[in-house]
$ cat data.cif   # mmCIF, C-alpha atoms and all ligand atoms
data_structure
#
loop_
_atom_site.label_atom_id
_atom_site.label_comp_id
_atom_site.auth_asym_id
_atom_site.auth_seq_id
_atom_site.Cartn_x
_atom_site.Cartn_y
_atom_site.Cartn_z
CA MET A 30 -5.85 -13.55 -15.69
CA ILE A 31 -5.76 -10.93 -12.95
CA ILE A 32 -8.69 -10.49 -10.57
CA GLY A 33 -8.83 -6.86 -9.40
CA GLY A 34 -7.93 -3.73 -11.37
CA GLY A 35 -6.57 -1.57 -8.51
CA ILE A 36 -2.99 -0.33 -8.40
CA VAL A 37 -1.62 -3.83 -7.72
CA GLY A 38 -3.53 -5.64 -10.48
CA SER A 39 -2.64 -2.83 -12.92
CA SER A 40 1.05 -3.02 -12.08
CA ILE A 41 1.04 -6.80 -12.56
CA ALA A 42 -0.67 -6.36 -15.94
CA TYR A 43 1.95 -3.79 -16.94
CA HIS A 44 4.91 -5.90 -15.82
CA LEU A 45 3.54 -9.08 -17.43
CA THR A 46 2.98 -7.37 -20.77
CA SER A 47 6.39 -5.63 -20.54
CA ALA A 48 7.94 -9.08 -20.18
CA GLY A 49 6.30 -10.14 -23.44
CA CYS A 50 3.17 -11.84 -22.12
CA ARG A 51 0.38 -11.03 -24.60
CA ASN A 52 -2.70 -12.78 -23.21
CA VAL A 53 -3.27 -10.73 -20.04
CA LEU A 54 -6.86 -10.14 -18.96
CA VAL A 55 -7.81 -7.98 -15.96
CA LEU A 56 -11.28 -8.49 -14.48
CA GLU A 57 -12.59 -5.64 -12.31
CA ARG A 58 -16.03 -5.80 -10.76
CA GLU A 59 -16.59 -2.03 -10.52
CA ALA A 60 -17.46 0.28 -13.42
CA HIS A 61 -14.27 2.27 -12.64
CA GLN A 62 -10.88 1.20 -11.40
CA GLY A 63 -9.61 2.65 -8.12
CA LYS A 64 -12.87 2.29 -6.20
CA GLY A 65 -11.23 -0.14 -3.79
CA SER A 66 -8.42 0.92 -1.44
CA THR A 67 -6.30 2.54 -4.18
CA GLY A 68 -8.59 5.56 -4.52
CA LYS A 69 -8.74 6.01 -0.71
CA SER A 70 -5.02 5.88 -0.02
CA MET A 71 -2.84 8.56 1.54
CA GLY A 72 -0.23 7.93 -1.17
CA GLY A 73 2.73 7.73 1.20
CA VAL A 74 5.85 5.97 -0.11
CA ARG A 75 8.79 5.08 2.10
CA ALA A 76 11.81 2.84 2.28
CA GLN A 77 12.07 3.19 6.07
CA PHE A 78 11.03 -0.35 6.99
CA SER A 79 12.47 -2.95 9.29
CA THR A 80 12.52 -6.04 7.06
CA GLU A 81 14.76 -6.63 4.09
CA SER A 82 11.91 -7.61 1.76
CA SER A 83 9.98 -4.40 2.48
CA ILE A 84 13.07 -2.21 2.09
CA ARG A 85 14.05 -3.86 -1.20
CA MET A 86 10.51 -3.60 -2.54
CA SER A 87 10.55 0.11 -1.68
CA LEU A 88 13.92 0.69 -3.31
CA TYR A 89 12.64 -0.75 -6.60
CA SER A 90 9.31 1.04 -6.29
CA ILE A 91 10.55 4.50 -5.33
CA SER A 92 13.03 4.66 -8.20
CA PHE A 93 10.20 3.46 -10.45
CA PHE A 94 7.96 6.30 -9.20
CA ARG A 95 10.79 8.80 -9.72
CA ASP A 96 11.20 7.78 -13.38
CA PHE A 97 7.52 6.96 -13.90
CA GLU A 98 6.62 9.80 -16.24
CA GLU A 99 9.61 9.23 -18.49
CA ARG A 100 8.96 5.50 -18.61
CA MET A 101 5.17 5.45 -18.73
CA GLY A 102 4.31 8.80 -20.33
CA HIS A 103 2.01 9.49 -17.39
CA PRO A 104 2.68 11.30 -14.09
CA SER A 105 3.07 9.45 -10.77
CA GLY A 106 2.84 12.66 -8.74
CA TYR A 107 5.95 11.57 -6.81
CA ARG A 108 7.10 14.26 -4.38
CA ALA A 109 10.30 13.48 -2.50
CA GLN A 110 9.44 15.41 0.67
CA GLY A 111 10.63 12.64 2.97
CA TYR A 112 9.24 10.72 5.90
CA LEU A 113 10.19 11.93 9.37
CA PHE A 114 9.74 9.52 12.30
CA MET A 115 9.89 11.15 15.73
CA ALA A 116 10.65 9.02 18.81
CA THR A 117 9.67 9.92 22.36
CA ASN A 118 11.14 7.00 24.28
CA PRO A 119 14.41 5.03 24.18
CA ARG A 120 12.68 1.88 22.90
CA GLN A 121 11.37 3.71 19.85
CA MET A 122 14.77 5.31 19.29
CA ASP A 123 16.49 1.90 19.45
CA TYR A 124 13.91 0.57 17.01
CA LEU A 125 14.55 3.41 14.56
CA ARG A 126 18.34 3.00 14.85
CA ALA A 127 18.11 -0.76 14.26
CA ASN A 128 15.87 -0.15 11.25
CA TYR A 129 18.30 2.43 9.93
CA GLU A 130 21.13 -0.13 10.09
CA ARG A 131 19.02 -2.63 8.16
CA GLN A 132 18.09 0.01 5.58
CA VAL A 133 21.74 0.89 5.00
CA ALA A 134 22.63 -2.82 4.74
CA ALA A 135 19.91 -3.23 2.09
CA GLY A 136 21.37 -0.38 0.03
CA LEU A 137 19.31 2.66 1.08
CA LYS A 138 21.57 5.72 0.97
CA THR A 139 19.18 8.56 1.71
CA ALA A 140 18.07 7.75 5.28
CA ARG A 141 19.68 9.18 8.39
CA VAL A 142 19.24 9.38 12.13
CA VAL A 143 18.28 12.93 13.12
CA SER A 144 18.54 14.92 16.36
CA THR A 145 15.71 16.76 18.05
CA ALA A 146 17.23 20.04 16.84
CA GLU A 147 17.13 18.84 13.23
CA ILE A 148 13.50 17.79 13.67
CA VAL A 149 12.60 21.25 14.96
CA ASP A 150 14.41 22.70 11.99
CA MET A 151 12.30 20.61 9.59
CA VAL A 152 8.97 21.15 11.33
CA PRO A 153 9.33 24.19 13.63
CA GLN A 154 5.72 23.94 14.88
CA VAL A 155 6.40 20.65 16.67
CA ARG A 156 6.19 20.39 20.48
CA ALA A 157 9.62 18.87 20.99
CA ASP A 158 10.06 18.78 24.77
CA ASP A 159 9.84 14.97 24.93
CA ILE A 160 11.28 14.11 21.50
CA LEU A 161 14.55 12.16 21.70
CA GLY A 162 15.33 12.18 17.98
CA GLY A 163 14.20 10.31 14.93
CA THR A 164 14.99 9.20 11.41
CA PHE A 165 14.45 10.92 8.08
CA CYS A 166 14.71 9.63 4.52
CA SER A 167 14.80 12.28 1.81
CA THR A 168 13.64 10.01 -1.04
CA ASP A 169 10.52 8.91 0.83
CA GLY A 170 7.46 11.00 0.09
CA PHE A 171 4.11 10.69 -1.67
CA VAL A 172 2.58 9.76 -5.01
CA ASP A 173 -0.83 10.12 -6.60
CA PRO A 174 -2.17 6.53 -6.38
CA TYR A 175 -4.94 7.05 -8.93
CA SER A 176 -2.52 8.48 -11.47
CA VAL A 177 -0.04 5.62 -10.94
CA MET A 178 -2.81 3.05 -11.39
CA THR A 179 -3.96 4.80 -14.56
CA GLY A 180 -0.42 4.92 -15.95
CA PHE A 181 0.05 1.20 -15.37
CA THR A 182 -3.30 0.44 -16.99
CA LEU A 183 -2.71 2.60 -20.07
CA ARG A 184 0.69 1.08 -20.80
CA ALA A 185 -0.62 -2.45 -20.15
CA LEU A 186 -3.41 -1.77 -22.67
CA ASP A 187 -0.87 -0.45 -25.20
CA GLN A 188 1.11 -3.65 -24.71
CA GLY A 189 -1.86 -5.89 -25.43
CA ALA A 190 -3.64 -6.39 -22.12
CA VAL A 191 -7.45 -6.36 -21.94
CA VAL A 192 -9.31 -4.81 -19.01
CA MET A 193 -12.95 -5.79 -18.44
CA ARG A 194 -14.77 -3.55 -15.97
CA GLU A 195 -18.14 -4.36 -14.39
CA THR A 196 -17.02 -7.98 -14.45
CA PRO A 197 -16.98 -9.54 -10.98
CA VAL A 198 -15.49 -12.99 -10.63
CA THR A 199 -18.12 -15.11 -8.93
CA ALA A 200 -16.53 -18.58 -9.00
CA ILE A 201 -13.24 -20.29 -9.80
CA GLU A 202 -13.24 -23.77 -11.29
CA CYS A 203 -10.40 -26.21 -10.75
CA ASP A 204 -9.64 -29.63 -12.23
CA ALA A 205 -6.92 -32.20 -11.66
CA GLN A 206 -4.31 -29.83 -13.15
CA GLY A 207 -5.29 -26.86 -10.98
CA VAL A 208 -7.10 -23.66 -11.99
CA ALA A 209 -9.27 -24.25 -15.08
CA ALA A 210 -11.69 -21.30 -15.45
CA VAL A 211 -13.32 -18.35 -13.73
CA ALA A 212 -17.00 -17.54 -13.87
CA THR A 213 -18.46 -14.04 -14.22
CA PRO A 214 -22.02 -12.82 -14.95
CA ARG A 215 -20.79 -12.21 -18.54
CA GLY A 216 -19.74 -15.82 -18.94
CA LYS A 217 -16.93 -18.21 -18.18
CA VAL A 218 -13.27 -17.64 -19.09
CA ALA A 219 -10.92 -20.61 -19.40
CA THR A 220 -7.51 -19.97 -17.85
CA ARG A 221 -4.70 -21.94 -16.23
CA THR A 222 -3.33 -18.90 -14.36
CA VAL A 223 -5.18 -16.62 -11.97
CA VAL A 224 -3.70 -13.77 -9.90
CA ASN A 225 -5.73 -12.74 -6.91
CA ALA A 226 -5.20 -8.96 -6.67
CA ALA A 227 -8.56 -8.26 -5.05
CA GLY A 228 -7.17 -6.25 -2.12
CA ALA A 229 -9.40 -6.24 0.95
CA TRP A 230 -11.69 -8.72 -0.85
CA SER A 231 -8.91 -11.19 -1.65
CA ALA A 232 -9.97 -13.70 1.03
CA GLN A 233 -13.37 -13.96 -0.67
CA VAL A 234 -11.72 -14.58 -4.03
CA ALA A 235 -9.33 -17.16 -2.54
CA LYS A 236 -12.27 -18.97 -1.00
CA MET A 237 -13.72 -19.49 -4.49
CA ALA A 238 -10.71 -21.77 -5.12
CA GLY A 239 -11.01 -23.43 -1.70
CA ILE A 240 -8.09 -21.43 -0.27
CA ASP A 241 -8.12 -19.97 3.20
CA LEU A 242 -6.27 -16.63 2.84
CA PRO A 243 -5.73 -14.73 6.10
CA VAL A 244 -6.40 -11.21 4.77
CA GLU A 245 -8.81 -9.10 6.81
CA PRO A 246 -10.32 -5.72 5.89
CA LEU A 247 -9.72 -2.96 8.45
CA ARG A 248 -11.18 0.53 8.19
CA ARG A 249 -8.79 3.49 8.10
CA MET A 250 -9.94 7.11 8.10
CA LEU A 251 -8.25 10.23 6.75
CA VAL A 252 -9.05 13.84 7.62
CA PRO A 253 -8.00 16.76 5.39
CA THR A 254 -7.85 20.27 6.81
CA GLU A 255 -9.17 23.29 5.02
CA PRO A 256 -6.41 25.51 3.49
CA PHE A 257 -3.77 25.89 6.21
CA GLU A 258 -0.57 27.90 5.96
CA LYS A 259 0.86 27.58 9.45
CA ILE A 260 2.81 24.42 8.60
CA SER A 261 4.99 24.50 5.49
CA HIS A 262 3.72 22.68 2.43
CA ALA A 263 7.26 21.44 1.95
CA ALA A 264 7.01 19.47 5.23
CA PRO A 265 7.66 15.73 5.11
CA MET A 266 5.21 13.00 6.08
CA THR A 267 5.67 13.49 9.81
CA ILE A 268 4.98 10.69 12.26
CA ASP A 269 4.62 11.12 16.01
CA MET A 270 5.50 7.67 17.31
CA SER A 271 4.08 8.43 20.76
CA THR A 272 0.50 8.36 19.40
CA GLY A 273 0.81 7.23 15.77
CA PHE A 274 -0.60 10.58 14.57
CA HIS A 275 0.85 11.54 11.20
CA PHE A 276 0.23 14.12 8.53
CA ARG A 277 1.48 15.31 5.18
CA PRO A 278 0.82 18.42 3.10
CA GLU A 279 -2.03 17.94 0.61
CA GLY A 280 -3.32 20.65 -1.72
CA LEU A 281 -3.58 23.88 0.25
CA GLY A 282 -3.96 22.10 3.57
CA LEU A 283 -2.79 19.01 5.41
CA LEU A 284 -3.95 15.40 5.29
CA MET A 285 -4.08 13.88 8.77
CA ALA A 286 -4.09 10.20 9.70
CA TRP A 287 -4.21 8.13 12.84
CA ASN A 288 -4.85 4.42 13.13
CA ASP A 289 -7.42 3.95 15.86
CA PRO A 290 -6.44 0.81 17.82
CA ALA A 291 -10.13 0.33 18.71
CA GLU A 292 -11.00 -0.38 15.06
CA ARG A 293 -12.13 -3.98 14.44
CA PRO A 294 -11.92 -5.97 11.17
CA GLY A 295 -14.87 -5.53 8.80
CA PHE A 296 -16.00 -3.99 5.54
CA ASN A 297 -17.38 -0.78 7.08
CA THR A 298 -16.21 2.19 4.98
CA SER A 299 -18.43 4.91 6.41
CA PHE A 300 -16.58 7.92 7.79
CA ASP A 301 -17.24 8.39 11.50
CA ARG A 302 -17.39 12.12 12.35
CA ALA A 303 -16.48 11.39 15.97
CA PHE A 304 -13.05 10.43 14.62
CA ILE A 305 -12.26 14.10 13.91
CA GLU A 306 -12.08 14.97 17.58
CA LYS A 307 -9.98 11.89 18.30
CA ILE A 308 -7.43 12.71 15.61
CA LEU A 309 -7.28 16.41 16.42
CA THR A 310 -6.64 15.64 20.09
CA ARG A 311 -3.54 13.66 19.07
CA GLY A 312 -2.54 16.19 16.43
CA VAL A 313 -2.85 19.27 18.64
CA SER A 314 -0.92 17.64 21.48
CA ARG A 315 2.12 17.36 19.16
CA PHE A 316 1.47 20.39 16.91
CA PRO A 317 -0.38 22.98 19.03
CA VAL A 318 -0.83 25.17 15.93
CA LEU A 319 -3.32 22.61 14.61
CA GLU A 320 -5.78 24.12 17.11
CA GLU A 321 -6.23 26.80 14.43
CA ALA A 322 -6.81 24.33 11.55
CA GLU A 323 -10.35 24.08 10.24
CA VAL A 324 -11.87 20.75 9.33
CA ASN A 325 -14.97 20.29 7.21
CA PRO A 326 -16.45 17.00 8.51
CA SER A 327 -17.96 16.15 5.14
CA ARG A 328 -14.48 15.99 3.56
CA GLY A 329 -13.15 13.11 5.68
CA TRP A 330 -13.14 9.64 4.16
CA ALA A 331 -12.58 6.00 5.02
CA GLY A 332 -11.18 3.02 3.15
CA LEU A 333 -9.90 -0.46 3.88
CA TYR A 334 -6.46 -1.74 4.79
CA GLU A 335 -5.95 -5.41 3.86
CA MET A 336 -4.31 -6.88 6.93
CA THR A 337 -2.36 -10.12 7.29
CA PRO A 338 -1.27 -11.55 10.66
CA ASP A 339 2.33 -10.34 10.17
CA HIS A 340 1.56 -7.12 8.25
CA HIS A 341 3.38 -8.39 5.16
CA PRO A 342 1.79 -9.25 1.82
CA VAL A 343 1.21 -12.72 0.47
CA LEU A 344 3.06 -12.99 -2.84
CA GLY A 345 3.31 -15.90 -5.26
CA ALA A 346 1.83 -19.29 -6.00
CA VAL A 347 -0.40 -21.31 -3.70
CA PRO A 348 1.16 -24.79 -3.88
CA ASP A 349 -2.08 -26.74 -3.30
CA VAL A 350 -3.86 -25.11 -6.25
CA PRO A 351 -1.55 -24.98 -9.30
CA GLY A 352 -2.00 -21.81 -11.32
CA PHE A 353 -3.40 -19.76 -8.41
CA TYR A 354 -1.24 -16.77 -7.44
CA VAL A 355 -1.77 -14.18 -4.72
CA ALA A 356 -0.70 -10.52 -4.58
CA ALA A 357 -2.63 -9.23 -1.60
CA GLY A 358 -2.50 -8.42 2.10
CA PHE A 359 -0.32 -5.31 1.82
CA SER A 360 -1.47 -4.14 5.24
CA GLY A 361 -1.50 -0.49 4.25
CA HIS A 362 1.55 -0.51 1.92
CA GLY A 363 0.08 -1.62 -1.39
CA VAL A 364 0.49 1.70 -3.17
CA MET A 365 4.14 2.13 -2.30
CA HIS A 366 4.95 -1.50 -3.11
CA SER A 367 2.87 -1.76 -6.28
CA PRO A 368 5.76 -1.44 -8.79
CA ALA A 369 7.85 -4.10 -7.03
CA THR A 370 4.83 -6.37 -6.67
CA GLY A 371 4.14 -6.20 -10.40
CA LYS A 372 7.73 -7.12 -11.17
CA ILE A 373 7.85 -9.95 -8.60
CA LEU A 374 4.56 -11.51 -9.76
CA ALA A 375 5.55 -11.28 -13.43
CA ASP A 376 8.88 -12.97 -12.60
CA LEU A 377 7.24 -15.70 -10.54
CA ILE A 378 4.54 -16.43 -13.14
CA LEU A 379 6.83 -16.38 -16.18
CA ARG A 380 10.10 -17.70 -14.72
CA GLY A 381 9.19 -19.29 -11.37
CA THR A 382 11.72 -17.11 -9.56
CA THR A 383 12.63 -13.45 -8.97
CA ASP A 384 15.89 -11.60 -8.29
CA LEU A 385 14.19 -8.60 -6.67
CA ILE A 386 13.72 -10.20 -3.24
CA ASP A 387 13.79 -13.61 -1.63
CA ALA A 388 10.06 -14.16 -2.17
CA ARG A 389 9.82 -17.46 -0.28
CA PRO A 390 9.29 -15.91 3.18
CA LEU A 391 6.31 -13.96 1.73
CA GLY A 392 4.66 -17.09 0.33
CA TYR A 393 1.27 -18.40 1.30
CA SER A 394 2.80 -21.45 2.99
CA ARG A 395 4.26 -19.37 5.83
CA PHE A 396 0.94 -19.36 7.67
CA ALA A 397 0.58 -23.17 7.74
CA GLU A 398 4.27 -23.55 8.58
CA GLY A 399 4.03 -21.02 11.43
CA LYS A 400 6.82 -18.92 9.86
CA LEU A 401 5.34 -15.45 10.20
CA ILE A 402 7.58 -12.48 9.49
CA GLU A 403 8.56 -10.40 12.47
CA GLU A 404 7.94 -6.70 12.08
CA THR A 405 6.56 -4.16 14.47
CA ALA A 406 4.13 -2.26 12.28
CA LEU A 407 4.31 1.49 12.71
CA LEU A 408 1.62 2.74 10.33
C1 LIG B 501 -7.08 5.38 4.34
C2 LIG B 501 -6.00 4.60 3.65
C3 LIG B 501 -4.70 5.13 3.57
C4 LIG B 501 -3.70 4.41 2.93
N1 LIG B 501 -2.46 4.98 2.85
C5 LIG B 501 -1.47 4.30 2.17
C6 LIG B 501 -0.21 4.91 1.99
O1 LIG B 501 0.05 6.03 2.45
N2 LIG B 501 0.72 4.23 1.28
C7 LIG B 501 0.48 2.98 0.75
O2 LIG B 501 1.37 2.40 0.13
N3 LIG B 501 -0.72 2.39 0.92
C8 LIG B 501 -1.68 3.02 1.61
N4 LIG B 501 -2.91 2.43 1.78
C9 LIG B 501 -3.08 1.06 1.33
C10 LIG B 501 -3.29 0.99 -0.16
O3 LIG B 501 -4.33 1.87 -0.54
C11 LIG B 501 -3.61 -0.46 -0.55
O4 LIG B 501 -2.63 -1.33 0.00
C12 LIG B 501 -3.59 -0.60 -2.07
O5 LIG B 501 -4.46 0.34 -2.67
C13 LIG B 501 -3.99 -2.01 -2.47
O6 LIG B 501 -4.16 -2.02 -3.86
P1 LIG B 501 -4.92 -3.22 -4.52
O7 LIG B 501 -4.90 -2.99 -5.99
O8 LIG B 501 -4.36 -4.51 -3.99
O9 LIG B 501 -6.39 -3.14 -3.91
P2 LIG B 501 -7.65 -2.29 -4.40
O10 LIG B 501 -7.30 -0.93 -4.83
O11 LIG B 501 -8.66 -2.42 -3.31
O12 LIG B 501 -8.11 -3.08 -5.67
C14 LIG B 501 -8.72 -4.34 -5.58
C15 LIG B 501 -9.75 -4.39 -6.67
O13 LIG B 501 -10.32 -5.70 -6.72
C16 LIG B 501 -11.68 -5.55 -7.12
N5 LIG B 501 -12.39 -6.77 -6.78
C17 LIG B 501 -12.67 -7.25 -5.56
N6 LIG B 501 -13.34 -8.42 -5.65
C18 LIG B 501 -13.47 -8.70 -6.98
C19 LIG B 501 -14.07 -9.76 -7.72
N7 LIG B 501 -14.67 -10.79 -7.10
N8 LIG B 501 -14.01 -9.72 -9.07
C20 LIG B 501 -13.41 -8.69 -9.72
N9 LIG B 501 -12.84 -7.65 -9.06
C21 LIG B 501 -12.86 -7.66 -7.70
C22 LIG B 501 -12.13 -4.33 -6.35
O14 LIG B 501 -13.27 -3.74 -6.92
C23 LIG B 501 -10.90 -3.43 -6.42
O15 LIG B 501 -10.96 -2.52 -7.48
C24 LIG B 501 -3.96 3.12 2.38
C25 LIG B 501 -5.24 2.60 2.45
C26 LIG B 501 -6.26 3.33 3.07
C27 LIG B 501 -7.62 2.75 3.14
#
$ encode --input "data.cif" --output "structure tokens"
Amino acid sequence: MIIGGGIVGSSIAYHLTSAGCRNVLVLEREAHQGKGSTGKSMGGVRAQFSTESSIRMSLYSISFFRDFEERMGHPSGYRAQGYLFMATNPRQMDYLRANYERQVAAGLKTARVVSTAEIVDMVPQVRADDILGGTFCSTDGFVDPYSVMTGFTLRALDQGAVVMRETPVTAIECDAQGVAAVATPRGKVATRTVVNAAGAWSAQVAKMAGIDLPVEPLRRMLVPTEPFEKISHAAPMTIDMSTGFHFRPEGLGLLMAWNDPAERPGFNTSFDRAFIEKILTRGVSRFPVLEEAEVNPSRGWAGLYEMTPDHHPVLGAVPDVPGFYVAAGFSGHGVMHSPATGKILADLILRGTTDLIDARPLGYSRFAEGKLIEETALL
């Protein structure tokens, strides 16, 4: 049984049923899937990470997105426009170079270190006087998260899964063998296997089984511009590392993002109009042409990241509660890592092991053992 029918729960349902598992049930509390973080996402997908597990998960996922339509009969909306990181100090440049080495070692072939001149070539509107260089990966880009989630769900249904919407899990019962049943307002369901794919709400679900899961919700806001032609719609996801401001083309305009360091954990998902000035200040300082972009304040939106202390997800079984699995805490990367997560969870549930990554460092036990993963989060 999978709790949560967002992109992660849907991918797990697809991968489980693809591996021959026929008794897969997804419980989703909302009337429609995608009302959690999946429907709020920016849809960015990248393999430019600094840890082997993240890079490997991206390699699996991005090739999955590329072949999605052929495989699933449903579009992923994958657009390989790249991710461009721009560094403005030697520390950032060293960080990008070190990451690049790790990416190459993990098998990524499409990333490269780029000069300031190449950056200006890619995004001529950039103010480049303090840019030292950067990295670019041509197979990074964006997907349509809602469409990916729908594709996973449709194929999982074809392969025998059942999805129950408007069915919140309200309690989890355990006995001497571990997980025994989950309770919902529609009744109780007996099960020996539960996957917690409840995103920003996964700590609440874990608590129902007496598990303390360190996943905190954190509001993130996105601001689309009105139609805007002064930056090419073929531009990559472009990240100014000096401020964290980033944007990508979306529709006829741009979609702008910036992670406000003042944001505090909580379930607030209201869009704060004062954020528009904050983001535009950062955006205009790097791309002066954005001064001319129009923003309709009513079109901005907010959603929740699901943060863990080391910005890596928690994947796999919880040893103290047999039958309880976690696939949560993606810290803003759950869309791009959803295909790999589905594969890893299906492997761990059905075989107890996976070849895709070394999943042990991402296990729940790392928090109690003080073995957090080291990564400097960029986005
Ligand atoms: C503004 C923003 C931008 C983002 N940009 C990116 C990006 O560019 N790239 C990227 O990879 N990721 C991005 N993310 C992160 C990404 O959206 C999430 O990591 C991803 O959607 C997590 O998917 P999920 O299925 O785990 O969670 P969700 O989509 O939140 O799904 C969890 C589901 O669980 C359900 N649920 C909760 N509690 C219960 C219960 N008790 N019983 C039954 N159901 C329950 C919820 O209703 C929800 O549908 C972004 C997020 C935000 C907010």
$ residues_around --input "data.cif" --residues "Phe181 in chain A" --least-positions-apart "2" --cutoff "6 Å" --atoms "only C-alpha atoms" --output "list in words"
Ser39, Ser40, Tyr43, Met178, Thr179, Leu183 and Arg184 of chain A
$ residues_near_point --input "data.cif" --point "(3.8, 5.6, -24.1)" --cutoff "12 Å" --atoms "only C-alpha atoms" --output "ChimeraX atom specification"
/A:43,97-104,180-188
$ closest_atom_pairs --input "data.cif" --of "chain A" --to "ligand LIG 501 (chain B)" --cutoff "7 Å" --atoms "only C-alpha atoms and all ligand atoms" --output "CSV"
residue,atom,partner,partner_atom,distance
A:Ile32,CA,B:LIG501,C20,5.1
A:Gly33,CA,B:LIG501,O13,3.3
A:Gly34,CA,B:LIG501,O15,5.1
A:Gly35,CA,B:LIG501,O7,3.3
A:Ile36,CA,B:LIG501,O7,4.1
A:Val37,CA,B:LIG501,O7,3.8
A:Gly38,CA,B:LIG501,O7,5.4
A:Leu56,CA,B:LIG501,C20,5.2
A:Glu57,CA,B:LIG501,N9,3.8
A:Arg58,CA,B:LIG501,C20,4.0
A:Glu59,CA,B:LIG501,O14,5.2
A:Gln62,CA,B:LIG501,O15,5.4
A:Gly63,CA,B:LIG501,O15,5.4
A:Lys64,CA,B:LIG501,O15,5.3
A:Gly65,CA,B:LIG501,O11,3.5
A:Ser66,CA,B:LIG501,O11,3.8
A:Thr67,CA,B:LIG501,O5,3.2
A:Gly68,CA,B:LIG501,O10,6.6
A:Lys69,CA,B:LIG501,C27,5.2
A:Ser70,CA,B:LIG501,C4,3.6
A:Met71,CA,B:LIG501,N1,3.8
A:Gly72,CA,B:LIG501,O1,4.1
A:Gly73,CA,B:LIG501,O1,3.4
A:Val74,CA,B:LIG501,N2,5.6
A:Thr196,CA,B:LIG501,C20,6.0
A:Pro197,CA,B:LIG501,N8,3.5
A:Val198,CA,B:LIG501,N8,3.9
A:Thr199,CA,B:LIG501,N7,5.8
A:Ala226,CA,B:LIG501,O8,5.3
A:Ala227,CA,B:LIG501,O13,3.5
A:Gly228,CA,B:LIG501,O9,3.7
A:Ala229,CA,B:LIG501,O11,5.8
A:Trp230,CA,B:LIG501,C17,5.0
A:Ser231,CA,B:LIG501,N6,6.6
A:Val234,CA,B:LIG501,N7,5.7
A:Arg248,CA,B:LIG501,C27,6.6
A:Arg249,CA,B:LIG501,C1,4.5
A:Met250,CA,B:LIG501,C1,5.0
A:Leu251,CA,B:LIG501,C1,5.5
A:Ala331,CA,B:LIG501,C1,5.6
A:Gly332,CA,B:LIG501,C27,3.6
A:Leu333,CA,B:LIG501,C27,4.0
A:Tyr334,CA,B:LIG501,C27,4.9
A:Glu335,CA,B:LIG501,O4,6.5
A:Ala357,CA,B:LIG501,O8,5.6
A:Phe359,CA,B:LIG501,O4,4.9
A:Ser360,CA,B:LIG501,O4,6.1
A:Gly361,CA,B:LIG501,C9,3.7
A:His362,CA,B:LIG501,O2,3.4
A:Gly363,CA,B:LIG501,O4,3.1
A:Val364,CA,B:LIG501,O2,3.5
A:Met365,CA,B:LIG501,O2,3.7
A:His366,CA,B:LIG501,O2,6.2
$ atom_distance --input "data.cif" --atom1 "CA of Ala116 in chain A" --atom2 "CA of Ile268 in chain A"
8.8 Å
$ closest_residue --input "data.cif" --among "A:Asn118, A:Gln110, A:Asn288, A:Gln132" --to "Ala264 in chain A" --atoms "only C-alpha atoms"
A:Gln110
$ residues_around --input "data.cif" --residues "Ala205 in chain A" --least-positions-apart "2" --cutoff "12 Å" --atoms "only C-alpha atoms" --output "ChimeraX atom specification"
/A:202-203,207-209,221,349-352
$ closest_residue --input "data.cif" --among "A:Gly371, A:Gly312, A:Gly106, A:Pro338" --to "Asp173 in chain A" --atoms "all atoms listed in the file"
A:Gly106
$ closest_residue --input "data.cif" --among "A:Asp123, A:Asp159, A:Asp169, A:Glu255" --to "Thr139 in chain A" --atoms "all atoms listed in the file"
A:Asp169
$ residues_near_point --input "data.cif" --point "(-5.9, -19.5, 1.6)" --cutoff "10 Å" --atoms "all atoms listed in the file" --output "MDAnalysis selection string"
chainID A and resid 231:244 343 347 349:350 355 393:394 396:397
$ atom_distance --input "data.cif" --atom1 "CA of Gly163 in chain A" --atom2 "CA of Val143 in chain A"
5.2 Å
$ closest_residue --input "data.cif" --among "A:Cys166, A:Val55, A:Met270, A:Val313" --to "Glu195 in chain A" --atoms "only C-alpha atoms"
A:Val55
$ closest_residue --input "data.cif" --among "A:Thr145, A:Ser90, A:Thr370, A:Gln77" --to "Ala356 in chain A" --atoms "only C-alpha atoms"
A:Thr370
$ closest_residue --input "data.cif" --among "A:Glu245, A:Asp339, A:Glu323, A:Glu81" --to "Leu137 in chain A" --atoms "only C-alpha atoms"
A:Glu81
$ atom_distance --input "data.cif" --atom1 "CA of Ser105 in chain A" --atom2 "CA of Leu125 in chain A"
28.5 Å
$ residues_around --input "data.cif" --residues "Glu320 in chain A" --least-positions-apart "3" --cutoff "12 Å" --atoms "all atoms listed in the file" --output "JSON, numbers by chain"
{"A": [154, 254, 257, 259, 306, 308, 309, 310, 311, 312, 313, 314, 315, 316, 317, 323, 324]}
$ residues_around --input "data.cif" --residues "Ser327 in chain A" --least-positions-apart "6" --cutoff "12 Å" --atoms "only C-alpha atoms" --output "list in words"
Leu251, Val252, Pro253, Thr254, Glu255, Ser299, Phe300, Asp301, Arg302, Ala303 and Ile305 of chain A
$ residues_around --input "data.cif" --residues "Met115 in chain A" --least-positions-apart "5" --cutoff "8 Å" --atoms "all atoms listed in the file" --output "PDB file with C-alpha atoms, keeping the file's coordinate frame"
ATOM      1  CA  ILE A 148      13.500  17.790  13.670  1.00  0.00           C
ATOM      2  CA  ILE A 160      11.280  14.110  21.500  1.00  0.00           C
ATOM      3  CA  LEU A 161      14.550  12.160  21.700  1.00  0.00           C
ATOM      4  CA  GLY A 162      15.330  12.180  17.980  1.00  0.00           C
ATOM      5  CA  GLY A 163      14.200  10.310  14.930  1.00  0.00           C
ATOM      6  CA  THR A 164      14.990   9.200  11.410  1.00  0.00           C
ATOM      7  CA  THR A 267       5.670  13.490   9.810  1.00  0.00           C
ATOM      8  CA  ILE A 268       4.980  10.690  12.260  1.00  0.00           C
ATOM      9  CA  ASP A 269       4.620  11.120  16.010  1.00  0.00           C
ATOM     10  CA  MET A 270       5.500   7.670  17.310  1.00  0.00           C
TER      11      MET A 270
END
